[in-house]
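Pasted below: coords.json, JSON, C-alpha atoms and all ligand atoms.
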```
[["chain", "number", "residue", "atom", "x", "y", "z"],
["A", 1, "MET", "CA", 15.72, 8.13, -16.24],
["A", 2, "LYS", "CA", 15.56, 4.52, -17.42],
["A", 3, "ILE", "CA", 13.75, 1.47, -16.14],
["A", 4, "GLY", "CA", 16.44, -0.44, -14.21],
["A", 5, "LYS", "CA", 16.73, -4.09, -13.29],
["A", 6, "GLU", "CA", 13.69, -6.13, -12.31],
["A", 7, "LEU", "CA", 13.57, -6.49, -8.53],
["A", 8, "ILE", "CA", 10.35, -8.47, -8.04],
["A", 9, "SER", "CA", 8.66, -10.35, -10.89],
["A", 10, "ALA", "CA", 4.94, -10.41, -11.66],
["A", 11, "VAL", "CA", 4.83, -14.10, -10.68],
["A", 12, "GLU", "CA", 6.53, -13.45, -7.34],
["A", 13, "ILE", "CA", 4.07, -10.63, -6.64],
["A", 14, "ASP", "CA", 1.10, -12.84, -7.41],
["A", 15, "GLU", "CA", 2.40, -15.65, -5.19],
["A", 16, "LYS", "CA", 2.95, -13.23, -2.30],
["A", 17, "LEU", "CA", -0.52, -11.69, -2.72],
["A", 18, "ALA", "CA", -2.04, -15.17, -2.69],
["A", 19, "GLU", "CA", -0.35, -15.85, 0.69],
["A", 20, "MET", "CA", -1.45, -12.50, 2.09],
["A", 21, "GLY", "CA", -4.99, -12.99, 0.76],
["A", 22, "ALA", "CA", -5.22, -16.45, 2.35],
["A", 23, "ALA", "CA", -4.11, -15.06, 5.74],
["A", 24, "ILE", "CA", -6.62, -12.20, 5.48],
["A", 25, "THR", "CA", -9.39, -14.65, 4.53],
["A", 26, "ASP", "CA", -8.64, -16.75, 7.64],
["A", 27, "ASP", "CA", -8.43, -13.76, 9.98],
["A", 28, "TYR", "CA", -11.57, -11.96, 8.84],
["A", 29, "ARG", "CA", -13.92, -14.90, 8.26],
["A", 30, "GLY", "CA", -17.37, -13.99, 9.65],
["A", 31, "LYS", "CA", -16.45, -10.31, 9.87],
["A", 32, "ASN", "CA", -17.59, -7.51, 7.62],
["A", 33, "LEU", "CA", -14.25, -6.42, 6.13],
["A", 34, "LEU", "CA", -13.72, -3.01, 4.56],
["A", 35, "LEU", "CA", -10.56, -2.62, 2.46],
["A", 36, "ILE", "CA", -9.23, 0.93, 2.20],
["A", 37, "GLY", "CA", -6.81, 1.55, -0.67],
["A", 38, "ILE", "CA", -4.45, 4.50, -0.60],
["A", 39, "LEU", "CA", -4.46, 6.19, -4.00],
["A", 40, "LYS", "CA", -2.98, 6.44, -6.33],
["A", 41, "GLY", "CA", -0.34, 3.73, -5.90],
["A", 42, "ALA", "CA", -2.40, 1.08, -4.14],
["A", 43, "PHE", "CA", -5.02, 0.62, -6.85],
["A", 44, "VAL", "CA", -3.01, -2.18, -8.48],
["A", 45, "VAL", "CA", -2.25, -4.04, -5.22],
["A", 46, "MET", "CA", -5.82, -3.56, -4.07],
["A", 47, "ALA", "CA", -7.30, -5.09, -7.23],
["A", 48, "ASP", "CA", -5.02, -8.13, -7.19],
["A", 49, "LEU", "CA", -4.95, -8.70, -3.41],
["A", 50, "ALA", "CA", -8.75, -8.48, -3.18],
["A", 51, "ARG", "CA", -9.11, -11.26, -5.73],
["A", 52, "HIS", "CA", -7.12, -13.52, -3.41],
["A", 53, "ILE", "CA", -9.49, -12.80, -0.50],
["A", 54, "ASP", "CA", -12.33, -15.28, -0.39],
["A", 55, "LEU", "CA", -14.80, -13.10, 1.54],
["A", 56, "PRO", "CA", -17.50, -10.58, 0.55],
["A", 57, "VAL", "CA", -15.28, -7.53, 1.17],
["A", 58, "GLU", "CA", -16.24, -3.90, 0.60],
["A", 59, "PHE", "CA", -13.96, -1.23, -0.83],
["A", 60, "ASP", "CA", -13.21, 2.40, -0.23],
["A", 61, "PHE", "CA", -10.32, 4.65, -1.23],
["A", 62, "MET", "CA", -8.45, 7.63, 0.13],
["A", 63, "ALA", "CA", -6.16, 9.84, -1.91],
["A", 64, "ILE", "CA", -3.13, 11.25, -0.16],
["A", 65, "SER", "CA", -0.57, 13.70, -1.47],
["A", 66, "SER", "CA", 2.61, 11.91, -2.51],
["A", 67, "TYR", "CA", 6.09, 12.73, -3.73],
["A", 68, "GLY", "CA", 5.28, 14.57, -6.95],
["A", 69, "SER", "CA", 8.33, 14.44, -9.17],
["A", 70, "ALA", "CA", 10.90, 14.22, -6.34],
["A", 71, "THR", "CA", 11.96, 10.89, -4.88],
["A", 72, "LYS", "CA", 12.30, 11.84, -1.22],
["A", 73, "SER", "CA", 9.45, 12.10, 1.26],
["A", 74, "SER", "CA", 8.62, 15.67, 2.28],
["A", 75, "GLY", "CA", 6.78, 14.49, 5.38],
["A", 76, "VAL", "CA", 3.78, 16.54, 4.32],
["A", 77, "VAL", "CA", 0.61, 14.48, 4.18],
["A", 78, "ARG", "CA", -2.56, 15.95, 2.73],
["A", 79, "ILE", "CA", -5.91, 14.22, 2.21],
["A", 80, "LEU", "CA", -6.96, 14.88, -1.38],
["A", 81, "LYS", "CA", -9.97, 12.54, -1.19],
["A", 82, "ASP", "CA", -11.53, 11.24, 1.99],
["A", 83, "LEU", "CA", -13.50, 8.00, 2.43],
["A", 84, "ASP", "CA", -17.01, 7.83, 1.00],
["A", 85, "GLN", "CA", -18.37, 6.07, 4.07],
["A", 86, "GLU", "CA", -18.31, 6.01, 7.86],
["A", 87, "ILE", "CA", -16.02, 3.40, 9.37],
["A", 88, "ALA", "CA", -17.34, 3.36, 12.96],
["A", 89, "ASP", "CA", -17.63, -0.27, 14.15],
["A", 90, "ARG", "CA", -16.21, -1.59, 10.86],
["A", 91, "HIS", "CA", -13.26, -3.97, 10.51],
["A", 92, "VAL", "CA", -10.88, -1.89, 8.43],
["A", 93, "LEU", "CA", -7.76, -3.03, 6.58],
["A", 94, "ILE", "CA", -5.63, -0.31, 5.00],
["A", 95, "VAL", "CA", -3.91, -1.49, 1.82],
["A", 96, "GLU", "CA", -0.72, 0.35, 0.90],
["A", 97, "ASP", "CA", 1.73, -0.23, -1.92],
["A", 98, "ILE", "CA", 5.01, 0.70, -0.23],
["A", 99, "VAL", "CA", 6.20, 1.89, 3.18],
["A", 100, "ASP", "CA", 9.20, 4.19, 3.06],
["A", 101, "THR", "CA", 9.37, 6.77, 5.87],
["A", 102, "GLY", "CA", 6.05, 5.47, 7.24],
["A", 103, "LEU", "CA", 4.79, 9.05, 7.55],
["A", 104, "THR", "CA", 1.80, 8.43, 5.33],
["A", 105, "LEU", "CA", 0.63, 5.38, 7.25],
["A", 106, "SER", "CA", 1.23, 6.79, 10.73],
["A", 107, "TYR", "CA", -0.76, 9.88, 9.78],
["A", 108, "LEU", "CA", -3.55, 7.76, 8.33],
["A", 109, "LEU", "CA", -3.71, 5.46, 11.33],
["A", 110, "LYS", "CA", -4.20, 8.43, 13.65],
["A", 111, "ASN", "CA", -6.72, 10.00, 11.32],
["A", 112, "LEU", "CA", -8.80, 6.82, 10.99],
["A", 113, "ALA", "CA", -8.49, 5.64, 14.62],
["A", 114, "VAL", "CA", -10.49, 8.63, 15.85],
["A", 115, "ARG", "CA", -13.39, 7.45, 13.67],
["A", 116, "LYS", "CA", -13.69, 4.43, 16.01],
["A", 117, "PRO", "CA", -13.49, 1.40, 13.70],
["A", 118, "ALA", "CA", -14.00, -2.04, 15.31],
["A", 119, "SER", "CA", -10.44, -2.86, 14.19],
["A", 120, "LEU", "CA", -7.80, -1.11, 12.13],
["A", 121, "SER", "CA", -4.93, -3.03, 10.52],
["A", 122, "LEU", "CA", -2.33, -2.56, 7.81],
["A", 123, "ALA", "CA", -1.30, -4.49, 4.72],
["A", 124, "ALA", "CA", 1.66, -3.34, 2.64],
["A", 125, "LEU", "CA", 3.17, -5.04, -0.39],
["A", 126, "ILE", "CA", 6.65, -3.54, 0.00],
["A", 127, "ILE", "CA", 8.57, -2.36, 3.04],
["A", 128, "LYS", "CA", 11.88, -0.54, 2.62],
["A", 129, "ASP", "CA", 14.50, -1.78, 5.06],
["A", 130, "GLY", "CA", 17.08, 0.46, 6.68],
["A", 131, "VAL", "CA", 14.78, 3.48, 6.94],
["A", 132, "GLU", "CA", 14.15, 5.13, 10.27],
["A", 133, "ARG", "CA", 10.40, 5.35, 10.83],
["A", 134, "PRO", "CA", 7.80, 5.58, 13.58],
["A", 135, "PRO", "CA", 6.79, 2.15, 14.94],
["A", 136, "LEU", "CA", 4.16, 0.64, 12.65],
["A", 137, "ASP", "CA", 2.44, -2.69, 13.16],
["A", 138, "ILE", "CA", 2.10, -4.02, 9.62],
["A", 139, "LYS", "CA", -0.07, -7.12, 9.99],
["A", 140, "TYR", "CA", 0.27, -8.35, 6.40],
["A", 141, "GLU", "CA", 3.67, -7.73, 4.85],
["A", 142, "GLY", "CA", 4.78, -8.53, 1.33],
["A", 143, "PHE", "CA", 8.43, -7.96, 0.43],
["A", 144, "HIS", "CA", 11.31, -6.23, 2.19],
["A", 145, "ILE", "CA", 13.62, -4.33, -0.17],
["A", 146, "PRO", "CA", 16.69, -2.09, 0.24],
["A", 147, "PRO", "CA", 15.94, 1.64, 0.56],
["A", 148, "LYS", "CA", 16.07, 2.38, -3.16],
["A", 149, "PHE", "CA", 13.50, 4.15, -5.28],
["A", 150, "VAL", "CA", 11.44, 1.62, -7.26],
["A", 151, "ILE", "CA", 8.73, 1.77, -9.89],
["A", 152, "GLY", "CA", 5.99, -0.44, -11.29],
["A", 153, "TYR", "CA", 2.99, -2.32, -9.98],
["A", 154, "GLY", "CA", 1.30, 0.93, -8.92],
["A", 155, "LEU", "CA", 4.48, 2.82, -8.03],
["A", 156, "ASP", "CA", 5.33, 5.83, -10.14],
["A", 157, "PHE", "CA", 8.20, 8.05, -11.13],
["A", 158, "ASP", "CA", 6.83, 11.47, -12.04],
["A", 159, "GLY", "CA", 3.37, 9.98, -12.52],
["A", 160, "LYS", "CA", 4.48, 7.24, -14.90],
["A", 161, "TYR", "CA", 5.30, 3.49, -14.87],
["A", 162, "ARG", "CA", 2.45, 2.51, -12.51],
["A", 163, "ASN", "CA", 1.33, 0.03, -15.17],
["A", 164, "LEU", "CA", 4.58, -1.98, -15.24],
["A", 165, "PRO", "CA", 3.49, -5.50, -14.18],
["A", 166, "TYR", "CA", 6.64, -5.97, -12.06],
["A", 167, "ILE", "CA", 8.73, -3.91, -9.62],
["A", 168, "ALA", "CA", 11.91, -2.41, -11.05],
["A", 169, "GLU", "CA", 14.78, -0.21, -9.98],
["A", 170, "VAL", "CA", 15.26, 3.17, -11.59],
["A", 171, "GLU", "CA", 18.46, 4.19, -13.38],
["A", 172, "GLY", "CA", 19.72, 7.71, -13.78],
["A", 173, "ILE", "CA", 18.22, 9.44, -10.73],
["A", 174, "ASP", "CA", 19.95, 10.99, -7.68],
["A", 201, "LIG", "P1", 6.13, 7.13, 3.16],
["A", 201, "LIG", "O1", 5.11, 8.05, 3.78],
["A", 201, "LIG", "O2", 7.49, 7.76, 3.09],
["A", 201, "LIG", "O3", 6.14, 5.76, 3.79],
["A", 201, "LIG", "O4", 5.76, 7.00, 1.64],
["A", 201, "LIG", "C1", 4.68, 6.32, 1.19],
["A", 201, "LIG", "C2", 4.30, 6.73, -0.22],
["A", 201, "LIG", "O5", 5.39, 7.31, -0.93],
["A", 201, "LIG", "C3", 3.92, 5.49, -1.00],
["A", 201, "LIG", "O6", 2.56, 5.21, -0.87],
["A", 201, "LIG", "C4", 4.31, 5.89, -2.41],
["A", 201, "LIG", "O7", 3.26, 6.62, -2.99],
["A", 201, "LIG", "C5", 5.50, 6.81, -2.24],
["A", 201, "LIG", "N1", 6.77, 6.07, -2.37],
["A", 201, "LIG", "C6", 7.64, 5.73, -1.38],
["A", 201, "LIG", "N2", 8.69, 5.06, -1.88],
["A", 201, "LIG", "C7", 8.49, 4.97, -3.21],
["A", 201, "LIG", "C8", 9.25, 4.36, -4.29],
["A", 201, "LIG", "O8", 10.32, 3.75, -4.11],
["A", 201, "LIG", "N3", 8.70, 4.48, -5.53],
["A", 201, "LIG", "C9", 7.53, 5.13, -5.77],
["A", 201, "LIG", "N4", 6.81, 5.70, -4.80],
["A", 201, "LIG", "C10", 7.27, 5.62, -3.53]]
```
Now, as a test, write the supplied structure out as structure tokens.
Ligand code: IMP
Amino acid sequence: MKIGKELISAVEIDEKLAEMGAAITDDYRGKNLLLIGILKGAFVVMADLARHIDLPVEFDFMAISSYGSATKSSGVVRILKDLDQEIADRHVLIVEDIVDTGLTLSYLLKNLAVRKPASLSLAALIIKDGVERPPLDIKYEGFHIPPKFVIGYGLDFDGKYRNLPYIAEVEGID
């Protein structure tokens, strides 16, 4: 495969994260916010989004099984690493890199809701349009893109390209 055309630039990503961070700052002022990043992809979004949130937030991470080397969702979700802390009575915001089939997030929402957080909301940098998925209330949305496989800014192909500072298409797959 080859890195294809740039879809979203580093500057556009930063501007969008600044908007999302400002909205989160307004909504959670006076609350004790816990950000939960979904590994591995969300580590880049998490780091940059958090620096646009002007509140004393706390962090935790979950690792979920992802696509491996294929580019289609299998629908199988496995927790590889659970949270380090209890979330009962906490205001929780899940930070995700990309929503494709939505299977990962709908599984996570169910899994975390039973732990009785004070609130449980979603932030996602990229949402793929034209994909059938369970209803998901994404409170903080970044970009909508066509249902193509993309890499960069935390998103991988076969484990690589997460460190690209922008989002790109992929050439030479499927
Ligand atoms: P979903 O459960 O189908 O919504 O998939 C969510 C996860 O699949 C994301 O957190 C990514 O790890 C991975 N994923 C989905 N689409 C892409 C893509 O276009 N590029 C890279 N990874 C993707």
Per-residue nearest contacts chain A to ligand LIG 201 (chain A), cut-off 7 Å, using all atoms listed in the file, as CSV:
```
residue,atom,partner,partner_atom,distance
A:Gly41,CA,A:LIG201,O7,5.5
A:Ser66,CA,A:LIG201,O7,5.4
A:Tyr67,CA,A:LIG201,C5,6.1
A:Ser73,CA,A:LIG201,O2,5.1
A:Gly75,CA,A:LIG201,O1,6.8
A:Glu96,CA,A:LIG201,O6,6.1
A:Asp97,CA,A:LIG201,O6,5.6
A:Ile98,CA,A:LIG201,C3,5.0
A:Val99,CA,A:LIG201,O3,3.9
A:Asp100,CA,A:LIG201,O3,3.5
A:Thr101,CA,A:LIG201,O2,3.5
A:Gly102,CA,A:LIG201,O3,3.5
A:Leu103,CA,A:LIG201,O1,3.9
A:Thr104,CA,A:LIG201,O1,3.7
A:Leu105,CA,A:LIG201,O1,6.3
A:Lys148,CA,A:LIG201,O8,6.0
A:Phe149,CA,A:LIG201,O8,3.4
A:Val150,CA,A:LIG201,O8,4.0
A:Ile151,CA,A:LIG201,N3,5.1
A:Leu155,CA,A:LIG201,C9,4.4
A:Asp156,CA,A:LIG201,C9,4.9
A:Phe157,CA,A:LIG201,C9,6.1
```
Legend entry - Distance query Asp89 (chain A) at most 10 Å, all atoms listed in the file, self and fewer than 4 positions along chain excluded, as a PyMOL selection string: chain A and resi 32+115-119
Legend entry - Of the listed residues A:Arg133, A:His91, A:Lys110, A:Lys139, that which approaches Gly30 (chain A) most closely, counting all atoms listed in the file: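 Comparing A:Arg133, A:His91, A:Lys110, A:Lys139 against Gly30 (chain A), the winner is A:His91.
Nearest to Val114 (chain A) of all the residues A:Glu141, A:Tyr28, A:Glu86, A:Glu12 is A:Glu86, counting only C-alpha atoms.
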Legend entry - Between CA of Gly152 (chain A) and CA of Leu35 (chain A) - distance in Å to one decimal: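 One can read the CA of Leu35 (chain A) to CA of Gly152 (chain A) distance as 21.6 Å.
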Inset, instruction - Have a look at A:Lys160, A:Lys128, A:Arg90, A:Lys5 and name the one nearest to Phe59 (chain A); count all atoms listed in the file. - result: A:Arg90
Legend entry - Counting all atoms listed in the file, the residue of A:Asp60, A:Leu125, A:Ile138, A:Asp26 that sits nearest Val45 (chain A):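 Checking each of A:Asp60, A:Leu125, A:Ile138, A:Asp26 against Val45 (chain A), counting all atoms listed in the file, the winner is A:Leu125.
The shortest atom-to-atom distance to Ile145 (chain A), with only C-alpha atoms taken into account, belongs to A:Ile126 out of A:Leu164, A:Val131, A:Val170, A:Ile126.
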Identify the residues within 6 Å of coordinate (15.9, 5.9, -11.2) (same frame as the file), considering only C-alpha atoms, and give the answer as a PDB file with C-alpha atoms, keeping the file's coordinate frame.
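The resulting file, selection-v1.pdb, is reproduced below:
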```pdb
ATOM      1  CA  MET A   1      15.720   8.130 -16.240  1.00  0.00           C
ATOM      2  CA  VAL A 170      15.260   3.170 -11.590  1.00  0.00           C
ATOM      3  CA  GLU A 171      18.460   4.190 -13.380  1.00  0.00           C
ATOM      4  CA  GLY A 172      19.720   7.710 -13.780  1.00  0.00           C
ATOM      5  CA  ILE A 173      18.220   9.440 -10.730  1.00  0.00           C
TER       6      ILE A 173
END
```
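From CA of Ala42 (chain A) back to CA of Ala168 (chain A), the distance works out to 16.3 Å.
Between CA of Leu34 (chain A) and CA of Asp14 (chain A) the interatomic distance comes to 21.4 Å.
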Legend entry - Top pick for closest residue to Tyr161 (chain A), considering A:Ile3, A:Val92, A:Ile127, A:Val11 and counting all atoms listed in the file: A:Ile3
Centre and edges of the region 109-120 of chain A box, axis-aligned, 4 Å extra per side, as AutoDock Vina command-line options:
```
--center_x -8.9 --center_y 3.6 --center_z 13.5 --size_x 18.3 --size_y 20.9 --size_z 13.0
```
For region 147-163 of chain A, supply N, CA, C and O atoms and report the output as a short mmCIF file (atom, residue, chain, number, x, y, z; two decimals), in the coordinates of the input.
```cif
data_model
loop_
_atom_site.label_atom_id
_atom_site.label_comp_id
_atom_site.auth_asym_id
_atom_site.auth_seq_id
_atom_site.Cartn_x
_atom_site.Cartn_y
_atom_site.Cartn_z
N PRO A 147 16.57 0.32 0.68
CA PRO A 147 15.94 1.64 0.56
C PRO A 147 16.29 2.37 -0.74
O PRO A 147 16.91 3.41 -0.74
N LYS A 148 15.87 1.78 -1.85
CA LYS A 148 16.07 2.38 -3.16
C LYS A 148 14.72 2.80 -3.72
O LYS A 148 13.71 2.21 -3.35
N PHE A 149 14.75 3.74 -4.64
CA PHE A 149 13.50 4.15 -5.28
C PHE A 149 13.13 3.11 -6.34
O PHE A 149 13.96 2.72 -7.16
N VAL A 150 11.89 2.64 -6.30
CA VAL A 150 11.44 1.62 -7.26
C VAL A 150 10.17 2.07 -7.97
O VAL A 150 9.45 2.94 -7.48
N ILE A 151 9.93 1.44 -9.11
CA ILE A 151 8.73 1.77 -9.89
C ILE A 151 8.01 0.49 -10.29
O ILE A 151 8.57 -0.61 -10.24
N GLY A 152 6.77 0.67 -10.77
CA GLY A 152 5.99 -0.44 -11.29
C GLY A 152 4.99 -0.96 -10.29
O GLY A 152 5.03 -0.66 -9.11
N TYR A 153 4.02 -1.72 -10.80
CA TYR A 153 2.99 -2.32 -9.98
C TYR A 153 2.32 -1.27 -9.06
O TYR A 153 2.17 -1.47 -7.86
N GLY A 154 1.98 -0.15 -9.65
CA GLY A 154 1.30 0.93 -8.92
C GLY A 154 2.22 2.06 -8.52
O GLY A 154 1.76 3.17 -8.24
N LEU A 155 3.53 1.79 -8.47
CA LEU A 155 4.48 2.82 -8.03
C LEU A 155 4.97 3.64 -9.22
O LEU A 155 5.34 3.08 -10.25
N ASP A 156 5.01 4.94 -9.02
CA ASP A 156 5.33 5.83 -10.14
C ASP A 156 6.66 6.54 -9.99
O ASP A 156 7.20 6.67 -8.88
N PHE A 157 7.17 7.01 -11.12
CA PHE A 157 8.20 8.05 -11.13
C PHE A 157 7.62 9.16 -11.98
O PHE A 157 7.32 8.95 -13.16
N ASP A 158 7.42 10.33 -11.35
CA ASP A 158 6.83 11.47 -12.04
C ASP A 158 5.51 11.10 -12.72
O ASP A 158 5.24 11.51 -13.85
N GLY A 159 4.70 10.31 -12.03
CA GLY A 159 3.37 9.98 -12.52
C GLY A 159 3.32 8.80 -13.50
O GLY A 159 2.23 8.37 -13.88
N LYS A 160 4.48 8.30 -13.89
CA LYS A 160 4.48 7.24 -14.90
C LYS A 160 4.98 5.90 -14.34
O LYS A 160 5.51 5.86 -13.26
N TYR A 161 4.81 4.87 -15.14
CA TYR A 161 5.30 3.49 -14.87
C TYR A 161 4.45 2.72 -13.86
O TYR A 161 4.81 1.61 -13.47
N ARG A 162 3.31 3.26 -13.44
CA ARG A 162 2.45 2.51 -12.51
C ARG A 162 1.96 1.22 -13.14
O ARG A 162 1.60 0.27 -12.45
N ASN A 163 1.90 1.19 -14.47
CA ASN A 163 1.33 0.03 -15.17
C ASN A 163 2.36 -1.06 -15.47
O ASN A 163 2.00 -2.08 -16.05
#
```
